Amino acid sequence: MDKGRLKMNKNLVLYLLAFCVFVMASVEIVVAGILGMIAQDTNVSVGMAGQLVTVYAIVIAAGSPILLSLTSRMERKNLLLLTFFVFVIGNLLAFFSPNFTILMVSRIVQAASAGVFTVVALTVGASIAAPERRGSAIGIIITGASTALVVGVPLGTLIGEYWGWRLVFMCINILALFSIIGIAASVPKMESQESVSLKTQLAVLRDRRIISGLFITFFWVIGYQLLFTYISPFLQEAASLTTTQISAALFICGIFAVIGSRIGGYGADRWGIYRTLLVSLLLHAVSLAALPWVGITFIGAIVILAVWIGSAYMTTPAQQYYLVSLSPNSSGLVLSLNNSVLQLGIAIGAGAGGWVVNQTSVMNLGWIGAISIVIGMFTVFYSFSLKSKSLKEA
């Protein structure tokens, strides 16, 4: 009975953390749906408004490792609560922002809090789960981010369309308050990790297993973002889809993102990290390469997009679990570095995709993205050839 109650409490914490990640992730990606509204209301170009996304990514990439190092001695539950209080302040700044400059400042505050929270949530989730269930635990938490793609973006866009983009941030703040209450009531007290010195951080960066593991993330996210950034014009050109059809296709993609996250976490525990990573990356590469040929009809686009997005999100929990397994004593630092590499890859993928579109055609994005994914697969081979004896792999 006690064991059953303990298991139920742990699952409750995991799903609560997933909900919290959903709230944080919604702030990051909802801007894509309300970008035009923001540009018009703040009297800036759409291109300038797009810098809200760029700045957010840069703050997470550059700031997360520093902030996590500075807060490494804080008790984990208190740190989760602190990040959400800062997050609320960031959303209030966005809601009341009188101009674009203040709105940009709000994005910096939001990104700083979200970057720290996500890493700490993943380390807490992995810590409370049994060793054989850590992949699934990470998968559950990451499901919150993929759910934001399904629910957060379309709902936020709808709210912005009818009641104004500012209300989107206030609605997210209401969800944030529920998150704070949930964390205070459900998350157990957890000791902080030992303070990580600069020397230790540099030592981590000299570990070839960790560096190669981070390069898996790098090549994977470049291949993914290369096409995803321009998915709307791609579908318009490849299959002549209308805006409504593209919205429907992306909604279905979001559902498969959730499914892929769960499969990835389950697979890491059941089939092993190595197999799960290779299968997900192989499906990812094949679907990207086939997209320009298969996605020429609405049904074809739906099917190939589902495979692509599902396999892409299947990689995420397995990759996070792999990095945690490589450095369990400094998992927060490693996940923070991975988060930074992820954001760097997003920026490079989006920029490279723009260059390809300008120089050639949007139709070339699929196979070019597939090349990056294949490089990521070879990086998996190399990284696992270096793995330590302590890393258990099925």
# chains A, B, ... in the order shown; residues from 1 in each chain; ligands from 1
$ residues_around --residues "Leu17 of chain A" --least-positions-apart "4" --cutoff "7 Å" --atoms "only C-alpha atoms" --output "number ranges by chain"
A: 13, 21, 121, 141
$ residues_around --residues "segment 154-168 of chain A" --least-positions-apart "4" --cutoff "7 Å" --atoms "only C-alpha atoms" --output "ChimeraX atom specification"
/A:30,33-34,37-38,94-95,172
$ closest_residue --among "A:Leu93, A:Ala114, A:Leu342, A:Cys253" --to "Trp220 of chain A" --atoms "only C-alpha atoms"
A:Leu342
$ closest_residue --among "A:Ser106, A:Asn91, A:Ser26, A:Ser97" --to "Leu149 of chain A" --atoms "only C-alpha atoms"
A:Ser26
$ closest_residue --among "A:Gly267, A:Gly223, A:Gly272, A:Gly144" --to "Gly351 of chain A" --atoms "only C-alpha atoms"
A:Gly223
